[in-house]
$ cat query_16.txt   # compact mmCIF, C-alpha atoms
# COMPACT_ATOMS: atom_id res chain seq x y z
CA MET Z 1 64.15 6.22 125.52
CA ASN Z 2 62.83 7.49 128.84
CA THR Z 3 61.92 11.07 129.79
CA THR Z 4 65.29 11.90 131.32
CA GLN Z 5 67.16 10.64 128.26
CA ALA Z 6 64.82 12.58 125.98
CA ILE Z 7 65.37 15.81 127.93
CA THR Z 8 69.14 15.33 127.77
CA GLU Z 9 69.02 14.74 124.01
CA ILE Z 10 66.72 17.73 123.40
CA LYS Z 11 69.07 20.05 125.30
CA SER Z 12 72.08 18.61 123.52
CA ILE Z 13 70.52 19.08 120.07
CA PHE Z 14 69.59 22.70 120.81
CA GLY Z 15 73.08 23.27 122.22
CA ALA Z 16 74.63 21.98 118.99
CA PHE Z 17 72.21 24.14 116.99
CA GLY Z 18 73.32 27.27 118.87
CA ALA Z 19 77.00 26.42 118.57
CA ALA Z 20 76.79 25.87 114.80
CA PHE Z 21 76.03 29.46 113.87
CA PRO Z 22 78.50 32.17 112.96
CA THR Z 23 78.49 35.32 115.06
CA ASP Z 24 77.96 37.65 112.08
CA ASN Z 25 74.54 39.22 112.50
CA ALA Z 26 74.23 39.72 108.75
CA ILE Z 27 74.33 36.02 107.94
CA LEU Z 28 72.06 35.26 110.89
CA GLY Z 29 69.59 37.81 109.52
CA ALA Z 30 69.73 36.29 106.04
CA LEU Z 31 69.06 32.82 107.42
CA SER Z 32 66.20 34.05 109.63
CA ASP Z 33 64.73 35.84 106.61
CA GLY Z 34 64.60 32.56 104.70
CA LYS Z 35 67.06 33.53 101.97
CA LEU Z 36 68.32 29.94 101.60
CA TYR Z 37 64.74 28.85 101.05
CA GLU Z 38 64.34 31.61 98.47
CA ALA Z 39 67.34 30.18 96.59
CA TYR Z 40 65.77 26.73 96.83
CA VAL Z 41 62.41 27.92 95.45
CA LEU Z 42 64.18 29.84 92.69
CA SER Z 43 65.92 26.62 91.66
CA LYS Z 44 62.57 24.79 91.56
CA ILE Z 45 61.12 27.48 89.30
CA VAL Z 46 64.13 27.32 86.99
CA ASP Z 47 63.63 23.56 86.91
CA GLU Z 48 59.93 23.96 86.07
CA LEU Z 49 60.57 26.43 83.26
CA ALA Z 50 63.32 24.22 81.82
CA SER Z 51 60.83 21.34 81.82
CA ARG Z 52 58.59 23.51 79.63
CA ASN Z 53 61.49 23.60 77.17
CA TYR Z 54 62.78 27.10 77.80
CA GLN Z 55 66.49 27.55 77.23
CA ILE Z 56 67.83 29.29 80.31
CA ILE Z 57 71.02 31.27 80.77
CA PHE Z 58 72.31 32.73 84.01
CA LYS Z 59 73.71 36.23 83.75
CA GLY Z 60 76.23 36.99 86.48
CA THR Z 61 78.47 34.95 88.75
CA SER Z 62 76.35 34.53 91.90
CA LEU Z 63 72.70 34.81 92.88
CA LEU Z 64 71.68 38.02 94.63
CA PHE Z 65 68.92 38.41 97.19
CA LYS Z 66 68.03 41.72 98.75
CA GLY Z 67 67.13 42.63 102.30
CA GLY Z 68 64.75 45.29 101.03
CA PRO Z 69 62.53 45.86 98.02
CA GLY Z 70 64.30 46.29 94.71
CA MET Z 71 63.84 47.19 91.10
CA ILE Z 72 65.00 45.57 87.89
CA LYS Z 73 68.55 46.29 86.81
CA LEU Z 74 70.03 44.26 84.01
CA THR Z 75 73.41 44.61 85.73
CA ASP Z 76 72.07 42.54 88.67
CA PRO Z 77 72.39 38.75 88.47
CA HIS Z 78 69.35 37.21 86.77
CA PHE Z 79 68.22 34.44 84.44
CA GLU Z 80 67.25 34.86 80.80
CA LEU Z 81 64.68 32.64 79.11
CA PHE Z 82 65.24 32.16 75.40
CA ASN Z 83 62.76 31.24 72.78
CA MET Z 84 64.67 28.84 70.55
CA ALA Z 85 62.49 29.64 67.55
CA THR Z 86 63.25 33.36 67.59
CA GLY Z 87 66.60 33.32 69.38
CA ALA Z 88 65.36 36.21 71.49
CA THR Z 89 65.26 36.63 75.25
CA GLU Z 90 61.58 36.67 76.05
CA TRP Z 91 61.61 36.67 79.83
CA ARG Z 92 63.93 37.29 82.74
CA ILE Z 93 63.88 35.99 86.30
CA PHE Z 94 64.78 38.34 89.14
CA ALA Z 95 64.57 38.08 92.93
CA ASP Z 96 63.06 40.56 95.41
CA ILE Z 97 61.34 42.95 93.03
CA GLU Z 98 58.55 45.45 93.62
CA PHE Z 99 55.94 45.94 90.92
CA ASP Z 100 53.49 48.75 90.18
CA THR Z 101 50.05 47.52 91.20
CA ILE Z 102 46.77 47.41 89.28
CA GLY Z 103 45.32 49.87 91.78
CA HIS Z 104 48.08 52.31 91.03
CA VAL Z 105 48.37 52.02 87.27
CA ASN Z 106 44.69 51.71 86.47
CA LYS Z 107 43.32 54.57 88.50
CA SER Z 108 41.63 56.76 85.90
CA GLY Z 109 43.50 54.86 83.23
CA HIS Z 110 46.89 56.18 84.20
CA PRO Z 111 48.95 56.69 87.36
CA THR Z 112 47.51 59.49 89.45
CA TYR Z 113 49.52 59.26 92.62
CA THR Z 114 53.08 58.39 93.41
CA ALA Z 115 53.75 58.73 97.11
CA ASP Z 116 51.27 56.30 98.61
CA LEU Z 117 52.97 53.28 100.13
CA SER Z 118 50.45 50.95 98.51
CA ARG Z 119 51.72 51.86 95.07
CA ARG Z 120 54.00 48.83 94.87
CA HIS Z 121 54.16 45.34 96.33
CA GLU Z 122 57.11 43.01 96.45
CA LEU Z 123 57.39 39.53 95.03
CA ASP Z 124 60.21 37.22 96.11
CA ILE Z 125 60.68 35.91 92.58
CA VAL Z 126 59.46 37.49 89.36
CA VAL Z 127 59.47 36.37 85.73
CA THR Z 128 58.97 39.49 83.65
CA ASN Z 129 59.62 41.06 80.27
CA ALA Z 130 60.44 44.41 81.88
CA THR Z 131 64.07 45.42 81.49
CA ALA Z 132 64.44 48.32 83.92
CA GLY Z 133 62.83 49.90 86.96
CA TYR Z 134 59.68 48.60 88.57
CA PRO Z 135 57.67 46.29 86.33
CA LYS Z 136 54.02 47.00 85.78
CA TRP Z 137 51.53 44.38 86.94
CA SER Z 138 50.86 43.54 83.29
CA GLU Z 139 54.54 42.75 82.69
CA ILE Z 140 54.61 39.86 85.16
CA ALA Z 141 54.35 36.35 83.71
CA LEU Z 142 54.99 34.55 86.98
CA GLY Z 143 55.38 35.64 90.58
CA ALA Z 144 56.37 33.57 93.57
CA GLU Z 145 56.32 34.00 97.31
CA CYS Z 146 58.65 31.86 99.43
CA LYS Z 147 57.31 30.99 102.86
CA SER Z 148 60.03 29.48 105.01
CA THR Z 149 58.11 29.82 108.24
CA PRO Z 150 57.93 26.37 109.90
CA ASN Z 151 54.21 26.75 110.63
CA PHE Z 152 52.18 28.06 107.68
CA LYS Z 153 49.34 30.34 108.78
CA LYS Z 154 46.12 31.48 107.17
CA ALA Z 155 47.37 35.08 107.36
CA LEU Z 156 50.07 34.21 104.82
CA MET Z 157 47.41 33.10 102.35
CA LYS Z 158 45.36 36.25 102.97
CA GLU Z 159 48.47 38.27 102.16
CA ALA Z 160 49.06 36.26 98.98
CA LEU Z 161 45.46 36.78 97.87
CA GLY Z 162 45.95 40.53 98.23
CA VAL Z 163 49.14 40.51 96.19
CA ARG Z 164 47.45 38.42 93.51
CA ARG Z 165 44.64 40.97 93.28
CA GLU Z 166 47.23 43.59 92.40
CA PHE Z 167 48.78 41.88 89.37
CA ALA Z 168 45.93 40.04 87.62
CA PHE Z 169 42.16 40.23 87.29
CA PHE Z 170 39.95 37.28 88.04
CA ARG Z 171 38.63 35.58 84.92
CA GLN Z 172 35.85 33.01 84.84
CA GLY Z 173 37.35 30.71 82.24
CA ALA Z 174 40.88 29.31 82.40
CA SER Z 175 43.29 30.27 79.66
CA ARG Z 176 46.79 29.16 78.71
CA ALA Z 177 49.37 30.69 81.01
CA ILE Z 178 51.76 33.22 79.50
CA LEU Z 179 54.81 31.02 80.08
CA ASN Z 180 53.54 28.13 77.97
CA LEU Z 181 55.61 27.75 74.84
CA PRO Z 182 53.71 27.02 71.61
CA ARG Z 183 52.62 23.39 71.26
CA SER Z 184 55.13 22.87 68.47
CA MET Z 185 57.99 23.66 70.87
CA THR Z 186 57.14 21.66 73.97
CA HIS Z 187 55.77 18.32 75.05
CA SER Z 188 54.67 19.50 78.50
CA ALA Z 189 50.97 19.88 79.20
CA PRO Z 190 49.94 23.54 79.14
CA VAL Z 191 49.39 25.29 82.46
CA ARG Z 192 46.02 27.03 82.57
CA VAL Z 193 45.03 29.81 84.95
CA ARG Z 194 41.87 31.76 85.64
CA ALA Z 195 43.43 35.19 85.46
CA HIS Z 196 43.83 38.10 83.09
CA PRO Z 197 46.56 38.43 82.07
CA PRO Z 198 47.12 34.69 82.50
CA SER Z 199 50.10 35.06 84.80
CA GLU Z 200 50.99 32.39 87.32
CA PHE Z 201 51.43 32.87 91.04
CA ILE Z 202 53.18 30.30 93.20
CA VAL Z 203 53.07 30.33 96.98
CA ALA Z 204 55.83 27.95 98.00
CA SER Z 205 56.03 26.75 101.58
CA ILE Z 206 58.25 24.40 103.51
CA ASP Z 207 55.26 23.40 105.66
CA PRO Z 208 53.01 20.67 104.17
CA ASP Z 209 50.09 22.22 106.06
CA SER Z 210 50.14 25.02 103.45
CA LEU Z 211 48.39 22.62 101.08
CA ARG Z 212 45.33 22.75 103.34
CA TYR Z 213 44.89 26.38 102.24
CA SER Z 214 45.13 25.75 98.50
CA ALA Z 215 41.59 25.13 97.18
CA SER Z 216 40.05 28.59 97.23
CA PRO Z 217 43.19 30.47 96.09
CA ALA Z 218 43.41 28.07 93.12
CA ALA Z 219 40.32 29.80 91.70
CA PHE Z 220 42.42 32.94 91.37
CA GLY Z 221 45.38 31.27 89.70
CA ILE Z 222 47.36 30.83 92.91
CA LYS Z 223 49.20 27.52 93.13
CA VAL Z 224 50.35 26.41 96.55
CA GLU Z 225 53.45 24.25 96.42
CA HIS Z 226 54.88 22.33 99.34
CA TRP Z 227 58.54 22.39 98.43
CA GLU Z 228 60.72 20.89 101.11
CA PRO Z 229 64.11 19.23 100.66
CA MET O 1 55.91 7.73 128.43
CA ASP O 2 52.53 9.19 129.36
CA ASP O 3 50.91 12.61 128.88
CA GLU O 4 52.66 13.98 131.96
CA ASP O 5 56.05 13.03 130.50
CA TYR O 6 55.19 14.58 127.14
CA LEU O 7 54.13 17.81 128.89
CA LYS O 8 57.53 17.89 130.63
CA LEU O 9 59.25 17.51 127.26
CA ILE O 10 57.05 20.23 125.72
CA ALA O 11 58.15 22.59 128.51
CA VAL O 12 61.82 21.85 127.78
CA VAL O 13 61.38 22.27 124.00
CA THR O 14 59.44 25.52 124.53
CA ASP O 15 62.22 26.96 126.71
CA GLU O 16 64.87 26.00 124.18
CA LEU O 17 62.91 27.44 121.25
CA ARG O 18 62.44 30.73 123.09
CA ARG O 19 66.16 30.81 123.93
CA PHE O 20 66.85 30.89 120.18
CA GLY O 21 64.12 33.37 119.32
CA LEU O 22 61.93 30.72 117.70
CA GLU O 23 58.81 32.00 119.45
CA ASP O 24 56.59 31.10 116.57
CA ILE O 25 57.29 27.39 116.89
CA ALA O 26 56.84 27.59 120.67
CA ASP O 27 53.46 29.31 120.39
CA PRO O 28 50.66 26.83 121.37
CA LYS O 29 48.27 28.62 118.98
CA ASN O 30 49.97 26.76 116.14
CA TYR O 31 48.85 23.45 117.53
CA LEU O 32 45.09 23.67 117.56
CA ASP O 33 42.37 21.52 116.08
CA VAL O 34 39.50 23.74 114.99
CA ASP O 35 36.07 22.22 114.41
CA ILE O 36 34.88 23.73 111.12
CA GLU O 37 31.20 23.46 112.07
CA SER O 38 31.27 24.74 115.64
CA GLY O 39 34.43 26.86 115.49
CA ASP O 40 35.62 25.29 118.74
CA ALA O 41 39.39 25.02 119.11
CA THR O 42 41.22 22.40 121.14
CA LEU O 43 44.93 22.08 121.79
CA PHE O 44 46.61 19.02 120.26
CA PRO O 45 47.05 16.18 122.78
CA PRO O 46 50.52 16.30 124.42
CA HIS O 47 52.23 13.64 122.29
CA ARG O 48 51.00 15.08 118.98
CA ARG O 49 51.90 18.61 120.11
CA LEU O 50 55.43 17.57 121.11
CA ILE O 51 56.03 15.82 117.79
CA SER O 52 54.56 18.74 115.82
CA MET O 53 56.86 21.18 117.62
CA LEU O 54 59.94 19.05 116.97
CA VAL O 55 59.00 18.58 113.30
CA ALA O 56 58.50 22.34 112.94
CA PHE O 57 61.89 22.88 114.55
CA ASN O 58 63.35 20.46 112.02
CA ARG O 59 61.97 22.66 109.23
CA ALA O 60 63.55 25.71 110.93
CA VAL O 61 66.88 23.86 110.92
CA LYS O 62 66.46 22.94 107.24
CA VAL O 63 66.00 26.55 106.13
CA ARG O 64 69.27 27.48 107.86
CA ASP O 65 71.26 24.54 106.49
CA ARG O 66 73.93 25.28 103.90
CA ALA O 67 72.91 22.01 102.22
CA MET O 68 69.79 23.76 100.98
CA LEU O 69 71.93 26.23 99.03
CA ASP O 70 74.08 23.43 97.59
CA ASP O 71 70.94 21.65 96.47
CA ALA O 72 69.62 24.83 94.82
CA LEU O 73 72.86 25.59 92.99
CA LYS O 74 73.08 22.02 91.67
CA ARG O 75 69.49 22.11 90.42
CA ILE O 76 70.10 25.43 88.67
CA ALA O 77 73.33 24.15 87.07
CA ARG O 78 71.42 21.15 85.69
CA ASN O 79 68.91 23.44 84.01
CA THR O 80 70.99 26.29 82.63
CA MET O 81 72.83 26.28 79.34
CA ASN O 82 75.86 27.97 80.88
CA GLU O 83 77.68 27.36 84.15
CA GLY O 84 75.07 28.79 86.51
CA PRO O 85 75.72 30.72 89.72
CA ARG O 86 78.67 29.78 91.93
CA ASP O 87 77.28 31.23 95.16
CA ALA O 88 74.44 33.35 96.50
CA PHE O 89 74.69 36.70 98.23
CA TYR O 90 72.34 38.58 100.48
CA LEU O 91 72.46 42.35 100.18
CA MET O 92 72.03 43.65 103.69
CA PRO O 93 70.64 47.19 103.89
CA THR O 94 72.91 49.68 105.70
CA GLU O 95 72.54 53.23 107.00
CA THR O 96 74.25 54.66 103.93
CA GLY O 97 72.00 52.83 101.48
CA GLU O 98 74.93 50.93 100.02
CA GLY O 99 74.10 47.32 100.72
CA ARG O 100 76.69 45.03 102.27
CA PRO O 101 76.80 41.69 100.44
CA VAL O 102 76.93 38.62 102.65
CA SER O 103 77.69 35.19 101.19
CA LEU O 104 75.02 32.63 101.99
CA SER O 105 77.81 30.05 101.79
CA GLU O 106 78.66 31.15 105.31
CA ALA O 107 75.59 29.26 106.50
CA PRO O 108 76.57 26.19 108.53
CA TYR O 109 76.02 22.59 107.49
CA LEU O 110 73.40 21.22 109.86
CA GLY O 111 73.02 17.65 108.58
CA GLU O 112 74.31 16.12 111.80
CA ILE O 113 71.84 18.10 113.90
CA ARG O 114 68.97 17.17 111.57
CA PHE O 115 69.99 13.51 111.76
CA ARG O 116 69.91 13.54 115.57
CA LEU O 117 66.66 15.50 115.64
CA GLU O 118 64.95 13.13 113.22
CA ASN O 119 66.17 10.15 115.26
CA LEU O 120 64.75 11.72 118.39
CA ILE O 121 61.41 12.25 116.66
CA ILE O 122 61.39 8.61 115.55
CA GLN O 123 62.25 7.38 119.05
CA LEU O 124 59.40 9.46 120.43
CA GLY O 125 57.01 7.78 118.01
CA GLY O 126 56.73 10.54 115.40
CA ALA O 127 58.19 8.86 112.29
CA ASP O 128 54.95 9.35 110.36
CA HIS O 129 55.33 13.13 110.67
CA LEU O 130 58.74 13.27 109.03
CA LYS O 131 59.60 13.66 105.42
CA LEU O 132 62.31 11.06 105.18
CA LYS O 133 62.99 11.14 101.46
CA ASP O 134 66.74 11.29 101.94
CA ARG O 135 67.14 8.73 104.70

$ encode --input "query_16.txt" --output "structure tokens"
Amino acid sequence: MNTTQAITEIKSIFGAFGAAFPTDNAILGALSDGKLYEAYVLSKIVDELASRNYQIIFKGTSLLFKGGPGMIKLTDPHFELFNMATGATEWRIFADIEFDTIGHVNKSGHPTYTADLSRRHELDIVVTNATAGYPKWSEIALGAECKSTPNFKKALMKEALGVRREFAFFRQGASRAILNLPRSMTHSAPVRVRAHPPSEFIVASIDPDSLRYSASPAAFGIKVEHWEP
Amino acid sequence: MDDEDYLKLIAVVTDELRRFGLEDIADPKNYLDVDIESGDATLFPPHRRLISMLVAFNRAVKVRDRAMLDDALKRIARNTMNEGPRDAFYLMPTETGEGRPVSLSEAPYLGEIRFRLENLIIQLGGADHLKLKDR
């Protein structure tokens, strides 16, 4: 292939890319916002939790992602994680949920302000035992951020570190993560995190370069995953 | 091809990316080698920069490809005790506060474009930069 042929092919590929898209701005916005990637990451998390031997049921007919921050409503589509031993729903998975932060809830031992915009932060995917409204930081068993940007940047990790600070404290020693089932109920090796409560936090990225930012955040129970189809 | 040719191709790719609002992939700041000791930054050589831009564009295509949703729904169905979701909707905020649901199934299938793009990358000597699990 020479330069002229390469230029022709590049222009043709971009032309086909432009022609493939619908004209509806709403769907274009959803695709630019990485909502397909969010669905993909959600499926990977469901897969991971099933591998830990959770029994999972989907409630609803279709997945729902929001363009803005949301709260937990059991009428929204979500997943339920059953404990086979008790037959009870222990956890639920929701998308695009804001949670009440440590800084908010713990100030003087109880919430002392309500209007500040730092009161809540959003997580793309949440596993929680809360059943309504905005979950507290202590009600999150797993949070995930989905980074569909083609070039992962350090700023994304700085943002994730800040979010992590707001739903778990750093702990020197690693302990069993909340979403580990008892040893008698699973054959998978327990996940351990250095956090209190021992919640998990996944930063999923389509860019393999994200893994170059994983070592220091790991100390705070942040797992960087390069998930790319 | 030599560096001058690769620079010509970079200019074409940059123009096309900007035409589609993909400024982030076009931005040269994404293609720097930074020396950890000295802090000095140098731009990737032209061939590596061209391939990196095309591979990043390939990732941008992937996250807009309906196939990604199909893959997700199949994986969920394999792991749920009941049927699992049939589709996925995006609730677009509106002026009235009542969100307008948009089906993500309206996303286009882009496999053909990805195939051509990956072939181009291979022909330009960038096969090592691709994730070719499915090929």

$ residues_around --input "query_16.txt" --residues "segment 173-183 of chain Z" --least-positions-apart "5" --cutoff "8 Å" --atoms "only C-alpha atoms" --output "list in words"
Arg52, Asn53, Tyr54, Ala141, Leu142, Pro190, Val191, Arg192, Val193, Arg194, Ala195, Pro197, Pro198, Ser199 and Glu200 of chain Z

$ closest_atom_pairs --input "query_16.txt" --of "chain Z" --to "chain O" --cutoff "6 Å" --atoms "only C-alpha atoms" --output "JSON lines"
{"residue": "Z:Leu31", "atom": "CA", "partner": "O:Arg64", "partner_atom": "CA", "distance": 5.4}
{"residue": "Z:Leu36", "atom": "CA", "partner": "O:Leu69", "partner_atom": "CA", "distance": 5.8}
{"residue": "Z:Tyr37", "atom": "CA", "partner": "O:Val63", "partner_atom": "CA", "distance": 5.7}
{"residue": "Z:Tyr40", "atom": "CA", "partner": "O:Ala72", "partner_atom": "CA", "distance": 4.7}
{"residue": "Z:Ser43", "atom": "CA", "partner": "O:Ala72", "partner_atom": "CA", "distance": 5.2}
{"residue": "Z:Ile56", "atom": "CA", "partner": "O:Thr80", "partner_atom": "CA", "distance": 4.9}
{"residue": "Z:Ile57", "atom": "CA", "partner": "O:Thr80", "partner_atom": "CA", "distance": 5.3}
{"residue": "Z:Phe58", "atom": "CA", "partner": "O:Gly84", "partner_atom": "CA", "distance": 5.4}
{"residue": "Z:Thr61", "atom": "CA", "partner": "O:Pro85", "partner_atom": "CA", "distance": 5.1}
{"residue": "Z:Ser62", "atom": "CA", "partner": "O:Pro85", "partner_atom": "CA", "distance": 4.4}
{"residue": "Z:Leu63", "atom": "CA", "partner": "O:Ala88", "partner_atom": "CA", "distance": 4.3}
{"residue": "Z:Leu64", "atom": "CA", "partner": "O:Phe89", "partner_atom": "CA", "distance": 4.9}
{"residue": "Z:Phe65", "atom": "CA", "partner": "O:Tyr90", "partner_atom": "CA", "distance": 4.7}
{"residue": "Z:Lys66", "atom": "CA", "partner": "O:Leu91", "partner_atom": "CA", "distance": 4.7}
{"residue": "Z:Gly67", "atom": "CA", "partner": "O:Met92", "partner_atom": "CA", "distance": 5.2}
{"residue": "Z:Pro150", "atom": "CA", "partner": "O:Ala56", "partner_atom": "CA", "distance": 5.1}

$ residues_around --input "query_16.txt" --residues "Thr89 of chain Z" --least-positions-apart "5" --cutoff "9 Å" --atoms "only C-alpha atoms" --output "PDB file with C-alpha atoms, in the frame of the given file"
ATOM      1  CA  GLU Z  80      67.250  34.860  80.800  1.00  0.00           C
ATOM      2  CA  LEU Z  81      64.680  32.640  79.110  1.00  0.00           C
ATOM      3  CA  PHE Z  82      65.240  32.160  75.400  1.00  0.00           C
ATOM      4  CA  ASN Z  83      62.760  31.240  72.780  1.00  0.00           C
ATOM      5  CA  ASN Z 129      59.620  41.060  80.270  1.00  0.00           C
TER       6      ASN Z 129
END

$ residues_around --input "query_16.txt" --residues "segment 71-73 of chain Z" --least-positions-apart "6" --cutoff "9 Å" --atoms "only C-alpha atoms" --output "ChimeraX atom specification"
/Z:94,96-99,130-135

$ atom_distance --input "query_16.txt" --atom1 "atom CA of Phe169 of chain Z" --atom2 "atom CA of Ala219 of chain Z"
11.5 Å

$ atom_distance --input "query_16.txt" --atom1 "atom CA of Leu7 of chain O" --atom2 "atom CA of Pro208 of chain Z"
24.9 Å

$ atom_distance --input "query_16.txt" --atom1 "atom CA of Gly143 of chain Z" --atom2 "atom CA of Leu123 of chain Z"
6.2 Å

$ closest_residue --input "query_16.txt" --among "O:Lys29, O:Glu23, O:Ala41, O:Arg48" --to "Asp128 of chain O" --atoms "only C-alpha atoms"
O:Arg48

$ axis_aligned_box --input "query_16.txt" --around "segment 43-57 of chain O" --padding-each-side "5 Å" --output "AutoDock Vina command-line options"
--center_x 53.4 --center_y 18.3 --center_z 118.7 --size_x 27.0 --size_y 19.2 --size_z 21.5

$ closest_residue --input "query_16.txt" --among "Z:Leu211, Z:Ile102, Z:Ile10, Z:Ala88" --to "Arg165 of chain Z" --atoms "all atoms listed in the file"
Z:Ile102

$ residues_around --input "query_16.txt" --residues "Thr42 of chain O" --least-positions-apart "5" --cutoff "9 Å" --atoms "all atoms listed in the file" --output "ChimeraX atom specification"
/O:31-35
